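Structure first, commentary second.
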Amino acid sequence: MPCPDPNEDVPSFFTYFGQFVDHDMTLDTLPLPTTFVDPSTIPNNRDPRLNLDSVYGGGPEANPELYADKKHLKVNGRDLPRDPSCLTLNLAVTTSTPCRAILFEGRNDENQVVAQVHVAFLRAHNALIDRGYNFELARQMMRWRYQWIVVHQFLPEVLDPNVYDDVFRQDGTIRTRYFEPKHAFKAVMPVEFAVAAYRFGHSQVRRAYILLKGCGEITPHCGDSDNPKVQVFNGTANDLHGGRQIAADHTIFWPNFLPIEGQPTTGQPLTGQVAANTSRKIDTLLSSGLFTLPAGAEPDASSFSILAQRNIQRAREYGLPSGQAVAARLKQDDPSIHVYTNAEIAAAIPRLSGLNDPAYKRTTCSACAPETPLWLYILAESKIVRDGRKLGPVGSRIVAEVFGGLLAGDVRSYYRRGWTPPGGSYRAQDLLRDAGVLPQP
């Protein structure tokens, strides 16, 4: 059955690029709390400056295990670098044997899509080195390109346009109202962002994806013999869980995830303008592959195996304000914001009676007492205001403020250095092309 409520506006590439960005900004290693935790005491074990420390670590001297030499990053073809003791010589063989990736940010091997986004960054860096860049210049260029994609391509895909334009101005300046860290390196990551607003990506995940060229609904013998799509998590050797080599039949044909000019897209007219895998809408409907996460899928997996329960539990113990409380505060500065009641939130939660599909489960509003948890409120607001195609004003404001504040507060960011890519544009498509992971036209 087709994915319920696909968001044809947002290619699935950005679901996993967004996950990559999250892993580059935040890392909370605390176990799922069962009692109150003062959020000011929560360490962020990741540099929040959008500086790709998830890729580079501390550099060749501090983390030599990440590097092939003093300049090149380790990479294994179209796969992550892995422990040599478990590598197979025949990469065409599908294997379920665990094989540890050699990464500074281990979460980028938790599924095989985000892993291949990470591979693109490794390969694009090495391409700059091969063109004669020294290490520091290549790393700086990759950071600025990455930040440019975040601001000029990723955020416009997911944010309310009015909020985006208020923070990221047409004249190129960044203007935040609430989050203005003077030193981005020392910035305390707002828990409203890390524990609630930026977790909207969970709702964008599909149950399964078309990976290979030529694998569409009418081509049933790609990947699975009965289904051309490969499931994210289903507990079998053929799903997309990480921690093992990426087999040849799981190597992504990127035009299926992102429109590429001049490239045919599986199941679509040969225009290269529509991705075969679009994201799901941002709402309270979650793929079953995430609703009950497999053991080890995230570092803090615990007895709270259901994703929604864990998000709400963490928010409660970190003392997050409710969605209504945050909306009411923002409404003081923006009267156009509507504060939705619990009844309005409950009405926005999709019903599955007409779908009869066990692959998707709705997050219920049983936790909405006396007010709605911020994460759930933001998902429902997106459904009410933007039909799930983008975040609503509350979710957009939190996300935009954090990204804008971090870039404005970082003296080394592209924004503070006044850098603009040649021709005024650099997109995810350019990253994949520079990485050499796109097929030749």
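Residue numbering restarts at 1 for every chain of the structure tokens, chains are lettered A, B, ... in their displayed order, and ligands are numbered from 1 as they appear.
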At a cut-off of 10 Å, using only C-alpha atoms, what residues contact range 35-38 of chain A? Leave out same-chain residues fewer than 3 positions from it and give the result as a PDB file with N, CA and C atoms, in the first residue's frame.
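Final file, selection03.pdb:
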```pdb
ATOM      1  N   LEU A  32      17.463   7.492  29.240  1.00  0.00           N
ATOM      2  CA  LEU A  32      16.122   8.057  29.308  1.00  0.00           C
ATOM      3  C   LEU A  32      15.761   8.309  30.766  1.00  0.00           C
ATOM      4  N   THR A  41      22.042  21.290  33.153  1.00  0.00           N
ATOM      5  CA  THR A  41      23.124  20.363  33.515  1.00  0.00           C
ATOM      6  C   THR A  41      23.353  19.297  32.448  1.00  0.00           C
ATOM      7  N   ILE A  42      22.582  19.336  31.370  1.00  0.00           N
ATOM      8  CA  ILE A  42      22.695  18.308  30.336  1.00  0.00           C
ATOM      9  C   ILE A  42      23.848  18.660  29.400  1.00  0.00           C
ATOM     10  N   GLN A 313       8.381  11.261  27.280  1.00  0.00           N
ATOM     11  CA  GLN A 313       8.990  11.014  28.590  1.00  0.00           C
ATOM     12  C   GLN A 313      10.199  11.923  28.807  1.00  0.00           C
ATOM     13  N   ARG A 314      11.066  12.019  27.818  1.00  0.00           N
ATOM     14  CA  ARG A 314      12.259  12.851  27.958  1.00  0.00           C
ATOM     15  C   ARG A 314      11.874  14.324  28.140  1.00  0.00           C
ATOM     16  N   ALA A 315      10.912  14.781  27.358  1.00  0.00           N
ATOM     17  CA  ALA A 315      10.486  16.175  27.462  1.00  0.00           C
ATOM     18  C   ALA A 315       9.927  16.478  28.849  1.00  0.00           C
ATOM     19  N   ARG A 316       9.139  15.550  29.386  1.00  0.00           N
ATOM     20  CA  ARG A 316       8.541  15.768  30.705  1.00  0.00           C
ATOM     21  C   ARG A 316       9.619  15.868  31.782  1.00  0.00           C
ATOM     22  N   GLU A 317      10.586  14.955  31.757  1.00  0.00           N
ATOM     23  CA  GLU A 317      11.593  14.946  32.812  1.00  0.00           C
ATOM     24  C   GLU A 317      12.612  16.070  32.649  1.00  0.00           C
ATOM     25  N   TYR A 318      12.728  16.624  31.452  1.00  0.00           N
ATOM     26  CA  TYR A 318      13.594  17.786  31.256  1.00  0.00           C
ATOM     27  C   TYR A 318      12.861  19.093  31.542  1.00  0.00           C
ATOM     28  N   GLY A 319      11.591  18.998  31.898  1.00  0.00           N
ATOM     29  CA  GLY A 319      10.835  20.182  32.278  1.00  0.00           C
ATOM     30  C   GLY A 319      10.457  21.088  31.133  1.00  0.00           C
TER      31      GLY A 319
END
```
For this session: Report the distance between CA of Arg433 in chain A and CA of Ala408 in chain A in Å, rounded to one decimal place.
Result: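 According to the coordinates, CA of Arg433 in chain A and CA of Ala408 in chain A are separated by 28.7 Å.
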Problem set entry | Å distance separating CA of Ala327 in chain A from CA of Lys281 in chain A, one decimal place |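 Interatomic distance here is 21.4 Å.
Residues in contact with Pro43 in chain A at up to 9 Å, not including ones fewer than 3 positions away on its chain and judged by only C-alpha atoms, are Leu27, Asp28, Thr29, Leu30, Pro39, Ser40, Arg46 and Val188 of chain A.
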Since we have the selection now, will you write its residues out, keeping N, CA and C atoms, as a short mmCIF file (atom, residue, chain, number, x, y, z; two decimals), in the first residue's frame?
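The file below, result-v1.cif, is the result:
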```cif
data_model
loop_
_atom_site.label_atom_id
_atom_site.label_comp_id
_atom_site.auth_asym_id
_atom_site.auth_seq_id
_atom_site.Cartn_x
_atom_site.Cartn_y
_atom_site.Cartn_z
N LEU A 27 24.32 15.72 20.85
CA LEU A 27 24.50 14.35 21.31
C LEU A 27 24.24 14.32 22.81
N ASP A 28 23.12 13.75 23.19
CA ASP A 28 22.74 13.59 24.59
C ASP A 28 22.95 12.12 24.94
N THR A 29 23.95 11.85 25.76
CA THR A 29 24.28 10.46 26.11
C THR A 29 23.61 10.00 27.40
N LEU A 30 22.81 10.87 28.01
CA LEU A 30 22.14 10.47 29.24
C LEU A 30 21.07 9.42 28.95
N PRO A 39 17.72 20.93 32.80
CA PRO A 39 18.28 20.97 31.45
C PRO A 39 19.60 21.71 31.36
N SER A 40 19.87 22.63 32.30
CA SER A 40 21.14 23.37 32.25
C SER A 40 22.33 22.47 32.60
N ARG A 46 28.43 17.20 21.44
CA ARG A 46 28.74 17.51 20.05
C ARG A 46 28.92 19.01 19.91
N VAL A 188 24.56 26.75 24.77
CA VAL A 188 23.75 25.69 25.37
C VAL A 188 22.60 25.41 24.41
#
```
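One finds CA of Asn134 in chain A at 9.7 Å from CA of Lys70 in chain A.
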Seminar exercise, completed: Of A:Tyr209, A:Tyr377, A:Tyr340, A:Trp144, the one sitting nearest Phe257 in chain A when using only C-alpha atoms is A:Tyr209
For this session: Would you kindly return, as a list in words, each protein, DNA or RNA residue with an atom no farther than 9 Å from any atom of range 420-424 of chain A, considering only C-alpha atoms and excluding same-chain residues fewer than 5 positions away?
Result: Trp144, Arg145, Trp148, Tyr414 and Tyr415 of chain A
